[in-house]
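Trainee: This is input_12.cif, which holds mmCIF, C-alpha atoms and all ligand atoms:
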data_query
loop_
_atom_site.label_atom_id
_atom_site.label_comp_id
_atom_site.auth_asym_id
_atom_site.auth_seq_id
_atom_site.Cartn_x
_atom_site.Cartn_y
_atom_site.Cartn_z
CA MET A 1 9.63 -18.48 13.57
CA ALA A 2 9.11 -20.55 16.69
CA THR A 3 7.59 -17.68 18.63
CA ASN A 4 3.83 -17.40 18.43
CA LEU A 5 3.22 -13.79 17.52
CA THR A 6 -0.21 -12.28 18.14
CA PRO A 7 -2.34 -10.60 15.46
CA GLN A 8 -1.73 -7.34 17.39
CA TYR A 9 2.00 -7.85 16.93
CA HIS A 10 1.59 -8.32 13.19
CA LYS A 11 -0.61 -5.25 12.95
CA ALA A 12 1.98 -3.16 14.80
CA GLU A 13 4.70 -4.51 12.52
CA GLU A 14 2.69 -3.48 9.46
CA GLU A 15 2.25 0.03 10.91
CA TYR A 16 5.96 0.15 11.68
CA ARG A 17 6.73 -0.63 8.05
CA ARG A 18 4.52 2.27 7.02
CA ALA A 19 5.94 4.63 9.64
CA GLN A 20 6.60 8.07 8.23
CA SER A 21 8.64 9.50 11.09
CA THR A 22 11.14 8.26 13.63
CA ALA A 23 8.67 9.03 16.42
CA ASP A 24 6.11 6.80 14.70
CA GLU A 25 8.73 4.07 14.32
CA ILE A 26 9.47 4.14 18.04
CA ARG A 27 5.80 4.05 18.91
CA TRP A 28 5.13 0.91 16.89
CA LEU A 29 8.35 -0.81 17.89
CA GLU A 30 7.34 -0.34 21.52
CA ILE A 31 3.95 -1.88 20.84
CA MET A 32 5.66 -4.80 19.08
CA LEU A 33 7.84 -5.33 22.14
CA ARG A 34 4.84 -5.15 24.45
CA GLU A 35 2.91 -7.65 22.33
CA MET A 36 5.78 -10.09 22.09
CA PRO A 37 5.24 -13.22 24.17
CA LYS A 38 7.87 -13.16 26.91
CA HIS A 39 9.50 -16.55 26.95
CA LYS A 40 12.80 -18.22 26.14
CA ALA A 41 12.06 -18.75 22.45
CA SER A 42 11.48 -15.07 21.83
CA GLU A 43 14.48 -13.75 23.76
CA LYS A 44 16.52 -13.09 20.64
CA LEU A 45 13.67 -11.22 18.98
CA GLN A 46 13.07 -9.22 22.14
CA SER A 47 16.67 -8.08 22.38
CA GLU A 48 16.70 -7.19 18.67
CA LEU A 49 13.61 -5.07 19.15
CA LYS A 50 15.14 -3.34 22.16
CA GLN A 51 18.23 -2.54 20.11
CA LYS A 52 16.08 -1.12 17.30
CA ILE A 53 14.20 1.05 19.78
CA SER A 54 17.36 2.44 21.30
CA ARG A 55 18.86 3.14 17.86
CA ALA A 56 15.66 4.84 16.73
CA LYS A 57 15.66 6.97 19.90
CA LYS A 58 19.21 8.09 19.13
CA ASP A 59 18.11 8.98 15.58
CA LEU A 60 15.24 10.99 17.00
CA GLU A 61 17.60 12.94 19.25
CA THR A 62 19.85 13.77 16.30
CA GLU A 63 16.82 14.85 14.27
CA ARG A 64 15.68 17.13 17.09
CA LYS A 65 19.05 18.84 17.19
CA THR A 66 18.90 19.57 13.46
CA PRO A 67 15.28 20.54 12.90
CA LYS A 68 14.02 20.48 9.34
CA SER A 69 10.94 22.21 8.05
CA SER A 70 7.86 20.03 8.27
CA THR A 71 7.66 17.83 5.20
CA ALA A 72 4.77 15.46 5.67
CA VAL A 73 1.96 15.61 3.16
CA ARG A 74 -0.76 13.27 4.21
CA ILE A 75 -3.59 12.17 2.01
CA PRO A 76 -6.14 10.26 4.09
CA ARG A 77 -6.38 6.64 2.99
CA GLN A 78 -9.61 5.80 1.25
CA GLY A 79 -11.09 2.72 -0.37
CA ALA A 80 -9.75 -0.81 -0.52
CA GLY A 81 -6.14 0.35 -0.68
CA THR A 82 -3.73 2.97 -1.99
CA ALA A 83 -1.45 2.85 -5.03
CA VAL A 84 1.02 5.67 -5.69
CA LEU A 85 2.11 6.57 -9.22
CA ILE A 86 5.78 7.53 -9.35
CA GLY A 87 8.25 8.15 -12.16
CA GLY A 88 10.50 10.61 -13.92
CA PRO A 89 9.13 13.64 -15.76
CA ASN A 90 6.60 13.22 -18.61
CA GLY A 91 6.19 9.46 -18.30
CA GLY A 92 2.41 9.68 -18.25
CA LYS A 93 1.62 9.42 -14.53
CA SER A 94 -1.05 12.10 -14.72
CA GLN A 95 -2.41 10.64 -17.95
CA LEU A 96 -2.74 7.27 -16.21
CA LEU A 97 -4.56 8.82 -13.25
CA ALA A 98 -6.93 10.52 -15.69
CA ALA A 99 -7.50 7.27 -17.60
CA LEU A 100 -8.18 5.15 -14.51
CA THR A 101 -10.13 7.57 -12.31
CA ARG A 102 -12.40 10.57 -12.59
CA ALA A 103 -9.68 12.89 -11.34
CA LYS A 104 -8.69 15.69 -13.71
CA PRO A 105 -4.95 16.23 -13.36
CA GLU A 106 -3.06 18.66 -15.55
CA ILE A 107 -1.36 16.75 -18.35
CA ALA A 108 1.31 18.33 -20.53
CA ASP A 109 4.42 17.42 -22.44
CA TYR A 110 6.72 19.49 -20.29
CA PRO A 111 8.20 18.41 -16.97
CA PHE A 112 6.92 19.36 -13.52
CA THR A 113 3.32 19.96 -14.62
CA THR A 114 2.33 18.06 -11.49
CA ARG A 115 3.50 19.88 -8.39
CA THR A 116 1.43 18.39 -5.60
CA PRO A 117 0.10 14.87 -5.07
CA LEU A 118 -3.38 14.37 -6.41
CA PRO A 119 -5.63 11.45 -5.44
CA GLY A 120 -8.36 9.82 -7.48
CA MET A 121 -10.56 6.79 -6.95
CA MET A 122 -10.36 3.86 -9.39
CA GLN A 123 -13.37 1.63 -9.57
CA TRP A 124 -12.92 -2.14 -9.65
CA GLU A 125 -16.20 -4.03 -9.80
CA ASP A 126 -18.02 -2.77 -6.69
CA VAL A 127 -15.01 -1.38 -4.80
CA HIS A 128 -12.71 1.61 -5.14
CA VAL A 129 -8.94 1.88 -4.96
CA GLN A 130 -7.16 5.14 -4.22
CA LEU A 131 -4.55 6.16 -6.80
CA ILE A 132 -2.22 9.08 -6.09
CA ASP A 133 -0.46 11.04 -8.84
CA THR A 134 2.81 12.66 -7.75
CA PRO A 135 5.45 15.10 -9.00
CA PRO A 136 8.41 13.54 -10.82
CA ILE A 137 11.51 12.23 -9.06
CA THR A 138 14.66 13.45 -10.83
CA PRO A 139 18.39 13.32 -10.06
CA ASP A 140 18.13 16.90 -8.76
CA TYR A 141 14.91 16.76 -6.89
CA MET A 142 12.55 14.56 -4.97
CA GLU A 143 9.78 16.15 -2.92
CA PRO A 144 10.58 15.48 0.74
CA TYR A 145 7.18 13.88 1.33
CA MET A 146 7.65 11.28 -1.42
CA GLN A 147 9.38 8.79 0.85
CA GLY A 148 6.49 8.82 3.29
CA MET A 149 3.99 8.43 0.47
CA ILE A 150 5.78 5.40 -0.93
CA ARG A 151 6.18 3.78 2.48
CA GLY A 152 2.55 4.33 3.36
CA ALA A 153 1.22 2.95 0.08
CA ASP A 154 -0.02 -0.58 -0.46
CA LEU A 155 1.40 -0.53 -3.97
CA VAL A 156 3.70 1.62 -6.09
CA LEU A 157 3.10 1.99 -9.81
CA LEU A 158 6.52 2.77 -11.21
CA VAL A 159 5.84 4.45 -14.55
CA ALA A 160 8.51 4.06 -17.23
CA ASP A 161 8.44 6.37 -20.25
CA LEU A 162 9.08 4.22 -23.33
CA GLY A 163 8.14 7.03 -25.68
CA CYS A 164 11.55 8.67 -25.66
CA ASP A 165 15.18 7.66 -25.35
CA ASP A 166 15.59 9.49 -22.04
CA GLY A 167 12.99 7.29 -20.35
CA ILE A 168 15.46 4.63 -19.27
CA GLU A 169 17.85 7.21 -17.87
CA HIS A 170 15.02 8.83 -15.94
CA LEU A 171 14.07 5.49 -14.44
CA GLN A 172 17.65 4.71 -13.47
CA ALA A 173 18.00 8.15 -11.85
CA LEU A 174 14.85 7.57 -9.82
CA LEU A 175 16.09 4.20 -8.59
CA ASP A 176 19.47 5.69 -7.67
CA ARG A 177 17.71 8.43 -5.79
CA LEU A 178 15.62 5.95 -3.78
CA ASN A 179 18.61 3.71 -3.14
CA GLY A 180 20.08 6.60 -1.18
CA THR A 181 17.10 6.44 1.20
CA LYS A 182 15.48 3.88 3.47
CA THR A 183 12.51 3.63 1.15
CA ARG A 184 12.85 1.04 -1.59
CA LEU A 185 10.78 -0.74 -4.21
CA ALA A 186 10.38 -4.51 -4.36
CA ARG A 187 8.22 -7.37 -5.53
CA GLN A 188 6.64 -7.55 -2.10
CA SER A 189 6.23 -5.16 0.81
CA SER A 190 8.52 -6.03 3.68
CA LEU A 191 10.79 -4.71 6.37
CA ASP A 192 14.48 -5.29 6.58
CA ASP A 193 15.37 -7.41 9.63
CA GLU A 194 18.70 -5.74 10.27
CA ASP A 195 18.53 -2.16 9.05
CA VAL A 196 16.20 -0.03 11.21
CA GLY A 197 13.54 1.71 9.17
CA LEU A 198 14.51 0.18 5.80
CA SER A 199 11.14 -0.45 4.20
CA PHE A 200 10.24 -2.06 0.87
CA THR A 201 6.97 -1.33 -0.88
CA GLN A 202 5.37 -3.70 -3.33
CA THR A 203 5.82 -2.30 -6.85
CA LEU A 204 4.48 -2.88 -10.35
CA LEU A 205 6.51 -1.56 -13.27
CA VAL A 206 4.15 0.12 -15.73
CA ALA A 207 5.79 0.37 -19.14
CA ASN A 208 3.87 3.28 -20.68
CA LYS A 209 3.58 4.81 -24.18
CA MET A 210 3.81 1.40 -25.84
CA ASP A 211 1.80 2.90 -28.74
CA LEU A 212 4.81 4.92 -29.85
CA PRO A 213 7.38 3.67 -32.38
CA ASP A 214 10.47 1.98 -30.91
CA ALA A 215 8.77 1.45 -27.53
CA THR A 216 9.31 -2.33 -27.69
CA GLU A 217 13.00 -1.89 -28.48
CA ARG A 218 13.34 0.58 -25.63
CA LEU A 219 11.71 -1.88 -23.23
CA ALA A 220 14.24 -4.54 -24.24
CA LEU A 221 16.99 -2.00 -23.66
CA LEU A 222 15.54 -1.11 -20.26
CA HIS A 223 15.69 -4.78 -19.23
CA GLU A 224 19.33 -4.84 -20.25
CA MET A 225 20.37 -1.53 -18.69
CA CYS A 226 18.51 -1.72 -15.40
CA PRO A 227 17.33 -5.22 -14.64
CA LEU A 228 14.50 -4.94 -12.12
CA ASP A 229 13.02 -7.78 -10.21
CA LEU A 230 9.49 -6.42 -10.54
CA PRO A 231 6.31 -7.65 -12.20
CA GLU A 232 5.67 -5.54 -15.25
CA LEU A 233 2.87 -4.52 -17.54
CA GLU A 234 2.89 -2.83 -20.97
CA VAL A 235 0.29 -0.11 -21.44
CA SER A 236 -0.62 2.98 -23.36
CA ALA A 237 -2.38 5.55 -21.21
CA THR A 238 -3.56 7.50 -24.25
CA ALA A 239 -4.60 4.57 -26.48
CA GLY A 240 -6.02 2.66 -23.52
CA THR A 241 -4.24 -0.62 -24.23
CA GLY A 242 -3.39 -2.74 -21.20
CA LEU A 243 -5.46 -0.57 -18.88
CA GLU A 244 -8.05 -3.25 -18.07
CA THR A 245 -5.25 -5.62 -17.09
CA LEU A 246 -3.64 -2.82 -15.09
CA ARG A 247 -6.88 -2.24 -13.17
CA ASN A 248 -7.11 -5.94 -12.37
CA ASP A 249 -3.44 -6.17 -11.38
CA ILE A 250 -3.73 -3.16 -9.08
CA TYR A 251 -6.73 -4.66 -7.31
CA ALA A 252 -5.14 -8.12 -7.10
CA ALA A 253 -1.94 -6.65 -5.62
CA LEU A 254 -3.91 -5.26 -2.68
CA ASP A 255 -4.71 -8.83 -1.67
CA VAL A 256 -8.03 -7.91 -0.12
CA VAL A 257 -11.41 -9.61 0.17
CA ARG A 258 -14.83 -7.99 0.01
CA VAL A 259 -17.42 -8.68 2.64
CA TYR A 260 -21.07 -7.64 2.61
CA THR A 261 -22.85 -6.99 5.88
CA LYS A 262 -26.44 -7.85 6.62
CA LEU A 263 -28.63 -6.53 9.39
CA PRO A 264 -30.47 -9.25 11.36
CA THR A 265 -33.72 -7.40 10.64
CA ARG A 266 -33.21 -7.38 6.87
CA LYS A 267 -33.74 -10.12 4.32
CA THR A 268 -30.79 -9.17 2.13
CA ALA A 269 -27.29 -7.85 2.61
CA ASP A 270 -26.13 -4.33 1.84
CA PHE A 271 -24.57 -4.97 -1.57
CA GLU A 272 -24.03 -1.27 -2.17
CA ARG A 273 -21.19 -0.88 0.26
CA PRO A 274 -18.80 -3.81 0.65
CA PHE A 275 -16.22 -3.72 3.41
CA THR A 276 -12.72 -4.73 2.41
CA MET A 277 -9.86 -6.19 4.40
CA ARG A 278 -6.63 -8.09 3.85
CA LYS A 279 -7.06 -11.73 2.88
CA GLY A 280 -7.01 -13.81 6.05
CA GLY A 281 -9.08 -11.25 7.95
CA THR A 282 -11.77 -12.41 10.36
CA VAL A 283 -15.35 -11.71 11.41
CA LEU A 284 -13.99 -9.56 14.27
CA ASP A 285 -11.93 -7.44 11.85
CA ILE A 286 -15.13 -6.62 10.00
CA ALA A 287 -17.02 -5.92 13.24
CA GLU A 288 -14.29 -3.39 14.10
CA GLN A 289 -14.70 -1.67 10.75
CA VAL A 290 -18.46 -1.45 11.09
CA HIS A 291 -18.38 -0.03 14.59
CA GLN A 292 -16.11 -0.13 17.65
CA ASP A 293 -19.06 -0.99 19.89
CA LEU A 294 -20.02 -3.85 17.65
CA ALA A 295 -16.56 -5.36 18.07
CA ALA A 296 -16.55 -4.74 21.84
CA ASN A 297 -19.94 -6.39 22.36
CA PHE A 298 -19.59 -9.05 19.67
CA LYS A 299 -21.26 -12.36 20.48
CA HIS A 300 -21.39 -14.32 17.26
CA ALA A 301 -22.01 -13.96 13.55
CA ARG A 302 -23.98 -15.75 10.90
CA VAL A 303 -22.13 -16.24 7.66
CA TRP A 304 -23.25 -17.04 4.15
CA GLY A 305 -20.42 -17.94 1.82
CA VAL A 306 -17.39 -20.13 1.30
CA GLY A 307 -17.35 -23.25 3.44
CA MET A 308 -20.40 -22.18 5.44
CA HIS A 309 -23.90 -23.58 5.21
CA ASP A 310 -26.18 -20.65 4.62
CA GLY A 311 -26.37 -18.56 7.74
CA SER A 312 -24.44 -20.88 10.01
CA ILE A 313 -22.99 -19.53 13.24
CA ALA A 314 -19.37 -18.35 13.26
CA LYS A 315 -17.08 -17.09 16.01
CA GLY A 316 -15.02 -13.91 15.88
CA ASP A 317 -11.92 -15.68 14.60
CA HIS A 318 -13.68 -17.18 11.58
CA VAL A 319 -11.69 -16.25 8.44
CA LEU A 320 -13.86 -14.66 5.76
CA HIS A 321 -13.64 -15.05 1.99
CA ASP A 322 -14.32 -12.77 -0.95
CA LYS A 323 -18.04 -11.99 -1.25
CA ASP A 324 -19.03 -13.61 2.03
CA ILE A 325 -22.08 -12.14 3.74
CA VAL A 326 -21.90 -11.49 7.49
CA GLU A 327 -24.60 -10.79 10.02
CA LEU A 328 -23.13 -9.51 13.29
CA HIS A 329 -24.80 -10.23 16.62
CA THR A 330 -23.97 -8.58 19.91
CA GLY A 331 -24.64 -9.85 23.40
N1 LIG B 1 1.79 8.59 -27.11
C1 LIG B 1 1.54 8.58 -25.81
N2 LIG B 1 1.65 9.71 -25.11
C2 LIG B 1 1.40 9.68 -23.79
C3 LIG B 1 1.03 8.48 -23.13
N3 LIG B 1 0.86 8.75 -21.81
C4 LIG B 1 1.11 10.07 -21.67
N4 LIG B 1 1.44 10.64 -22.85
C5 LIG B 1 1.78 12.04 -23.10
O1 LIG B 1 3.00 12.34 -22.42
C6 LIG B 1 2.98 13.69 -21.93
C7 LIG B 1 3.25 13.69 -20.43
O2 LIG B 1 2.15 13.09 -19.77
P1 LIG B 1 1.86 13.38 -18.24
O3 LIG B 1 0.74 12.48 -17.84
O4 LIG B 1 1.67 14.84 -18.00
O5 LIG B 1 3.24 12.90 -17.60
P2 LIG B 1 3.70 12.97 -16.06
O6 LIG B 1 4.70 14.06 -15.99
O7 LIG B 1 4.33 11.64 -15.79
O8 LIG B 1 2.49 13.22 -15.23
C8 LIG B 1 1.61 14.27 -22.31
O9 LIG B 1 1.75 15.00 -23.48
C9 LIG B 1 0.76 13.01 -22.51
O10 LIG B 1 -0.31 13.23 -23.39
C10 LIG B 1 0.93 7.28 -23.91
O11 LIG B 1 0.62 6.17 -23.43
N5 LIG B 1 1.22 7.39 -25.24
MG MG B 2 2.12 14.77 -14.02
#
Kindly transcribe the structure held in the file into C-alpha cells.
Ligand SMILES: Nc1nc2c(ncn2[C@@H]2O[C@H](COP(=O)(O)OP(=O)(O)O)[C@@H](O)[C@H]2O)c(=O)[nH]1
Ligand SMILES: [Mg+2]

Mentor:
Amino acid sequence: MATNLTPQYHKAEEEYRRAQSTADEIRWLEIMLREMPKHKASEKLQSELKQKISRAKKDLETERKTPKSSTAVRIPRQGAGTAVLIGGPNGGKSQLLAALTRAKPEIADYPFTTRTPLPGMMQWEDVHVQLIDTPPITPDYMEPYMQGMIRGADLVLLVADLGCDDGIEHLQALLDRLNGTKTRLARQSSLDDEDVGLSFTQTLLVANKMDLPDATERLALLHEMCPLDLPELEVSATAGTGLETLRNDIYAALDVVRVYTKLPTRKTADFERPFTMRKGGTVLDIAEQVHQDLAANFKHARVWGVGMHDGSIAKGDHVLHDKDIVELHTG
C-alpha cells in the first residue's frame, strides 16, 4: 500500500476486526478514517472507508428496528492473549481446558455439559495465556455470544473429536454454521477488504482423542471429507500426548514478546511480572502498559537486550525483543 498508515490506524483496524457490535464497528471505522492521511494516494481507501461506514450505519438502523435480546457475554481479556476452545459436543474441549489450566470445568460423556463459557489461565514459561472453554456448536444451536467470542480472540482452538465416527460430521456442521455468519476461521486473523464486518480469526485444528482406536484413520477421513487450510496438531487430552507441543503452539500463535521492566533505583529488573505485547511493539507501547502518565511524560529509556549495548539509551519508537529489559525515564 502506497499510503503511509499510522500505528493508530493499524490499532483501530485491529479493534475493528474484533468488533462485537455494529456500533463498535462504526466507532473504529470512524477512527480509521480520521487517522488516514488525507492525500491523493489514499483517496481510494478513504472513499472505501466512507462507504463501509454508511453501510454499517444502515445495518445499525435495521438492527434498531428489530431489537434482539442482549447477547453479549464478555470475559475480560487477561494475560498475554486469549484462545477460545470451540467444537461440536463431547470433543474434549473441557478436558483440554482442565489439562492445560487449573480451571475445573465439568467433563462428561454427554453433550451440553458446558453451558456457559469458562476461562482458565495456561502457564507458558513465565507468562499466562487465557483459554476459554465454550458450549458446543451444533447444526441446531450456537450460543448467540459465540461469534463475538471468536472474533475477539487472538486464536481459536478448533477441537475435532476423533474418538467417534460422528466427529467429522460435527466438525462439518460447525463450519457450515459459521459460514452462515460473518465470523470465520482461517490460518491468519484478517479482515475482508470488501465485505463489511467479515472477520477471520487465526485457528489451530486440535485433533483430539488420538489415543482411541481408529483415530488415525478418522483423521485421514477428515482430511478427505472436509479439507481445511489450517495448521493442525494431534493430541490426547486424557493421555496427555501432544499437550506440550500444543502449549508451545498456542503461545507462538499469539506472536508476542515479553519485556521486563526495571526501576532506575533498582539493580535488577522485575522478573516476576513480564509485560507482553505484539512482536514489533516499542518502548512507548510498554510505557503505556505500565502507566498512562509514564507514556505521557516519557523522555527516554535504557534498554538491555537484543542489539543494544547494556543499558544504552533508546527513544520511544525503539522496537523491543523477547526478554529485553527496559528502564523508563520521564522528563
Ligand atoms: N479417550 C479419550 N477421551 C477423551 C479425550 N478427551 C476427552 N475425552 C472424554 O470425552 C468426553 C467428553 O469430554 P468433554 O471435555 O466434556 O467434551 P466437551 O463437550 O467438548 O467439553 C469425556 O468423557 C472425556 O473424558 C481424549 O483425548 N481421549
Ligand atoms: Mg464441555

Trainee: Would you mind listing the residues within 10 Å of ligand MG 2 (chain B), counting all atoms listed in the file, as a ChimeraX atom specification?

Mentor: /A:85-97,105-118,133-136

Trainee: List as a list of chain:residue names the protein and nucleic acid residues near Ala295 in chain A, meaning an atom at most 9 Å away when all atoms listed in the file are counted, but skip any in the same chain fewer than 3 places from it.

Mentor: A:Leu284, A:Asp285, A:Ile286, A:Ala287, A:Glu288, A:Gln289, A:Val290, A:His291, A:Gln292, A:Phe298, A:Lys299, A:Gly316, A:Thr330

Trainee: Looking at all atoms listed in the file, which of A:Thr282, A:Glu234, A:Ala80, A:Met210 is the one that sits closest to Leu254 in chain A?

Mentor: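 For Leu254 in chain A, the nearest of the given residues is A:Ala80.
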
Trainee: Would you list the contacts of Gly281 in chain A as a compact mmCIF listing (two decimals) with C-alpha atoms, in the frame of the given file, taking every protein, DNA or RNA residue within 9 Å and counting all atoms listed in the file, but skipping same-chain residues closer than 4 positions in sequence?

Mentor:
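What follows is the written file out_31.txt:
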# COMPACT_ATOMS: atom_id res chain seq x y z
CA VAL A 256 -8.03 -7.91 -0.12
CA VAL A 257 -11.41 -9.61 0.17
CA MET A 277 -9.86 -6.19 4.40
CA ASP A 285 -11.93 -7.44 11.85
CA ILE A 286 -15.13 -6.62 10.00
CA ASP A 317 -11.92 -15.68 14.60
CA HIS A 318 -13.68 -17.18 11.58
CA VAL A 319 -11.69 -16.25 8.44
CA LEU A 320 -13.86 -14.66 5.76
CA HIS A 321 -13.64 -15.05 1.99

Trainee: Quick one, how far is CA of Leu233 in chain A from CA of His170 in chain A?

Mentor: 18.1 Å

Trainee: Determine the nearest neighbour of ligand LIG 1 (chain B) from the options A:Arg278, A:Lys209, A:His128, A:Lys262, counting all atoms listed in the file.

Mentor: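 Looking at the shortest contact to ligand LIG 1 (chain B), the residue is A:Lys209.
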
Trainee: Need to verify the contact set: Cys164 in chain A, 9 Å, all atoms listed in the file, exclusion of same-chain residues closer than 6 positions in sequence. Can you return it as an NGL selection string?

Mentor: :A and (209 or 212 or 214-215 or 218)

Trainee: Report as JSON the centre and the edge lengths, in Å to one decimal, of the axis-aligned box holding every listed atom of ligand LIG 1 (chain B), padded by 4 Å on each side.

Mentor:
{"center_x": 2.2, "center_y": 10.6, "center_z": -21.2, "size_x": 13.0, "size_y": 16.8, "size_z": 19.9}
